[in-house]
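Asks: Take a look at the following structure, please.
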Amino acid sequence: MNKIFALAGVVIKELYRRKDFYVLFVLTALLTLAAGAVNFFHDDKIVRYVKDICLLLIWVSALVISVVTTARQIPAEREARTIFPLLAKPVSRWHVIVGKFLGCWLATGVALVVFYFFFAAITGSKEQIWPWGAYLEAVWMHWVMLAIVIAMVLLGSIYFAAPSSTSTITIIVVGGVLLLGTHLNTIALQQPQPMQSILATVYFLMPHLEWYDLRDFVVYDMGLVPVRAVALATLYGAVWTAIFLLLAWFGFRRKSLNT
Amino acid sequence: MTAILRTEKLRVEYRSREMRQQTKVALAGLDLEVGAGEVFGFLGPNGAGKTTTMNILLGFVPLTSGSASLFGIDVRQPIARQRIGYLPELTYYYKFLTAEELLRFYAKIFGLARHEADQRIAELLKLVELEHAAKRPIKSYSKGMQQRVGLAQSLINNPDLLILDEPTSGLDPLGRMKVREIIQRLKEQGKTVFFSSHELGEVETVCDRVAIVHQGELKAVGTVAEITAGHENLEKAFLKIVGVQNSPLP
Ligand SMILES: Nc1ncnc2c1ncn2[C@@H]1O[C@H](COP(=O)(O)OP(=O)(O)OP(=O)(O)O)[C@@H](O)[C@H]1O
Ligand SMILES: [Mg+2]
């Protein structure tokens, strides 16, 4: 466990010492702030619209930060050859995978908390409402979703040498799941066979990232999601994360590191 | 003499997509045995298979056939690497960490207690003469300084066997002398050192035994005196063994 935390610590240190991470971070914070300033219309529709945009921004930004950071981890270890002195120590490749995962996930967690805090502070100061419960659920579910995404990116980074390919592919896949996820089932029913069965199978087998999107609950004040549902979604997320991490380990384990 | 490091009929073939699945034989049946407390020089021209041998010993590359073991344990088991220190060739350590942070990270990996790590890190930074730069990020280091960080990290766990891939490459004459002294000191402490080098002069002075590989095969092994016998010096013997005639340039 200490080994995993040590590895995660290096990931986090790198993140806050690299300047490129701040650009997106500051940009999101600034745009959220700017959006808050628009809010003097006191028109419910506009307020909701602005909130929607802010949350979308937070989603896109968090996704890009987590994907880009994670995609780089293992290729960078190989490129700088730091993987060699590392694996020459009593560290297994499983430790490396899990340590990298944990580091990236914790770092994204920090970014998420800051983003949502900004959002809460701005909407709260304008509207004098503080639905902390809904925020907490939204952040937690968002974070669990990013765990699945980060594990998926790690898996991709084992197979694609270029971090940019891994990033592009996962962003497209994640975006696709988020946009189509809920509708795929209905779309499937309208298709002729065999397309119907194929789409239904895809719907059944894919990780349902869209379940973690609680933006509407926050924007439309829809109250809280039952704790049971959150717990189930967390469990579901943990299973998918574990599956991706195991697959990543499986690929990494047999990899000759000299090429 | 008990063998701490042993390879038997070790064969390694590289097969890669870039080469359209053609195989490249990097090691063709290498037999090697290094005993406890020896300083063993591993020589050979570029591409002879020295780094490949080390990659096998450390489990980075799967072997094709034959066997390799450390402390009598098959290298495929991670536990075989518990008591070793390794200095890779051409490594660019985490640029954003300082030397001190890097060593602390590796100390954590070995599960060293905090005070123990503090003491060890101070000792090592002193040993490789990087105390003045310990709090600077590694990206600001010169090549030789990076090489010395590498040497320090290889010693963090006070290992019984050191595997060093060209430890003096990139170092100035003073730095080389320091490395020779460090190797000498390790020998006095009863450690085993297995290292590759192109610096035949320094190999002559520090090694108990040397092996010369060429094209993945063992061409000679023995004490420096045995190998040099009948030749002016180790360099001449080396050139003879790897089959280069000392012809003048055109
Ligand atoms: N990943 C790889 N794919 C294909 N061939 C490889 C690979 N790595 C090494 N080789 C080949 O294996 C042989 C041995 O290489 P190795 O790196 O072990 O040499 P070396 O003795 O360490 O040389 P040097 O003194 O230059 O460091 C070389 O012919 C090299 O081209
Ligand atoms: Mg080499």
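In the structure tokens, each chain is lettered A, B, ... as it comes, each chain's residues begin at 1, and ligands are numbered from 1 in order of appearance.
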Produce as a PyMOL selection string the set of residues near ligand 1, where near means within 9 Å with only C-alpha atoms and all ligand atoms considered.
Replies: (chain A and resi 256-259) or (chain B and resi 12-16+18-19+23-27+43-55+89+165-166+196-198+213-216)
Asks: Can you check which residues of chain B have any atom within 7 Å of chain A? Use only C-alpha atoms and format it as JSON, numbers by chain.
Replies: {"B": [58, 60, 61, 62, 78, 79, 81, 82, 86, 87, 88, 91, 92, 93, 96, 105, 108, 109, 110]}
Asks: Okay, now the selection with N, CA and C atoms, as a PDB file, in the first residue's frame?
Replies:
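Below you can see part28.pdb, which holds the result:
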```
ATOM      1  N   LEU B  58      16.656  -8.125 -14.733  1.00  0.00           N
ATOM      2  CA  LEU B  58      15.716  -7.275 -14.014  1.00  0.00           C
ATOM      3  C   LEU B  58      14.267  -7.530 -14.402  1.00  0.00           C
ATOM      4  N   PHE B  60      12.752  -7.012 -17.284  1.00  0.00           N
ATOM      5  CA  PHE B  60      12.116  -6.062 -18.207  1.00  0.00           C
ATOM      6  C   PHE B  60      11.732  -6.721 -19.527  1.00  0.00           C
ATOM      7  N   VAL B  61      12.479  -7.739 -19.869  1.00  0.00           N
ATOM      8  CA  VAL B  61      12.315  -8.390 -21.163  1.00  0.00           C
ATOM      9  C   VAL B  61      12.202  -9.891 -20.893  1.00  0.00           C
ATOM     10  N   PRO B  62      11.265 -10.565 -21.544  1.00  0.00           N
ATOM     11  CA  PRO B  62      11.168 -12.006 -21.323  1.00  0.00           C
ATOM     12  C   PRO B  62      12.272 -12.742 -22.064  1.00  0.00           C
ATOM     13  N   PRO B  78       9.585 -11.502  -8.834  1.00  0.00           N
ATOM     14  CA  PRO B  78      10.004 -10.167  -8.387  1.00  0.00           C
ATOM     15  C   PRO B  78      10.863 -10.202  -7.121  1.00  0.00           C
ATOM     16  N   ILE B  79      10.674 -11.196  -6.300  1.00  0.00           N
ATOM     17  CA  ILE B  79      11.403 -11.284  -5.039  1.00  0.00           C
ATOM     18  C   ILE B  79      12.913 -11.373  -5.280  1.00  0.00           C
ATOM     19  N   ARG B  81      14.604  -9.521  -6.919  1.00  0.00           N
ATOM     20  CA  ARG B  81      15.162  -8.166  -7.000  1.00  0.00           C
ATOM     21  C   ARG B  81      15.173  -7.419  -5.670  1.00  0.00           C
ATOM     22  N   GLN B  82      14.837  -8.112  -4.597  1.00  0.00           N
ATOM     23  CA  GLN B  82      14.735  -7.461  -3.290  1.00  0.00           C
ATOM     24  C   GLN B  82      16.064  -6.841  -2.840  1.00  0.00           C
ATOM     25  N   TYR B  86      20.140  -1.078  -8.995  1.00  0.00           N
ATOM     26  CA  TYR B  86      20.308  -1.065 -10.450  1.00  0.00           C
ATOM     27  C   TYR B  86      20.459   0.360 -10.960  1.00  0.00           C
ATOM     28  N   LEU B  87      21.471   0.544 -11.776  1.00  0.00           N
ATOM     29  CA  LEU B  87      21.657   1.829 -12.451  1.00  0.00           C
ATOM     30  C   LEU B  87      21.464   1.603 -13.951  1.00  0.00           C
ATOM     31  N   PRO B  88      20.377   2.117 -14.500  1.00  0.00           N
ATOM     32  CA  PRO B  88      20.141   1.926 -15.936  1.00  0.00           C
ATOM     33  C   PRO B  88      21.001   2.872 -16.757  1.00  0.00           C
ATOM     34  N   THR B  91      19.021   7.260 -18.362  1.00  0.00           N
ATOM     35  CA  THR B  91      17.711   7.507 -17.749  1.00  0.00           C
ATOM     36  C   THR B  91      17.574   8.972 -17.385  1.00  0.00           C
ATOM     37  N   TYR B  92      16.404   9.506 -17.649  1.00  0.00           N
ATOM     38  CA  TYR B  92      16.126  10.883 -17.294  1.00  0.00           C
ATOM     39  C   TYR B  92      15.142  10.814 -16.149  1.00  0.00           C
ATOM     40  N   TYR B  93      15.621  10.969 -14.932  1.00  0.00           N
ATOM     41  CA  TYR B  93      14.764  10.810 -13.766  1.00  0.00           C
ATOM     42  C   TYR B  93      13.700  11.891 -13.762  1.00  0.00           C
ATOM     43  N   PHE B  96      10.786  16.909 -12.591  1.00  0.00           N
ATOM     44  CA  PHE B  96      10.140  17.904 -11.734  1.00  0.00           C
ATOM     45  C   PHE B  96      10.416  17.663 -10.259  1.00  0.00           C
ATOM     46  N   PHE B 105      11.296   9.172  -2.564  1.00  0.00           N
ATOM     47  CA  PHE B 105      10.307   8.328  -3.246  1.00  0.00           C
ATOM     48  C   PHE B 105      10.777   6.876  -3.296  1.00  0.00           C
ATOM     49  N   LYS B 108      10.673   5.175   0.029  1.00  0.00           N
ATOM     50  CA  LYS B 108       9.312   4.751   0.396  1.00  0.00           C
ATOM     51  C   LYS B 108       8.967   3.431  -0.269  1.00  0.00           C
ATOM     52  N   ILE B 109       9.407   3.298  -1.527  1.00  0.00           N
ATOM     53  CA  ILE B 109       9.138   2.060  -2.253  1.00  0.00           C
ATOM     54  C   ILE B 109       9.742   0.863  -1.511  1.00  0.00           C
ATOM     55  N   PHE B 110      10.906   1.113  -0.900  1.00  0.00           N
ATOM     56  CA  PHE B 110      11.551   0.026  -0.159  1.00  0.00           C
ATOM     57  C   PHE B 110      11.016  -0.078   1.263  1.00  0.00           C
TER      58      PHE B 110
END
```
Asks: To one decimal place, how far is CA of Val224 in chain B from CA of Val34 in chain B in Å?
Replies: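 Separation of CA of Val224 in chain B and CA of Val34 in chain B: 14.6 Å.
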Asks: Quick one: distance from CA of Leu218 in chain B to CA of Glu8 in chain B in Å, one decimal?
Replies: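 Answer for the CA of Leu218 in chain B to CA of Glu8 in chain B separation: 11.5 Å.
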Asks: Applying 8 Å and only C-alpha atoms, which residues near range 54-59 of chain A remain after dropping the ones on its own chain fewer than 4 positions away? List them as number ranges by chain.
Replies: A: 28, 31-32, 35, 50, 63, 112, 115-116, 119, 215
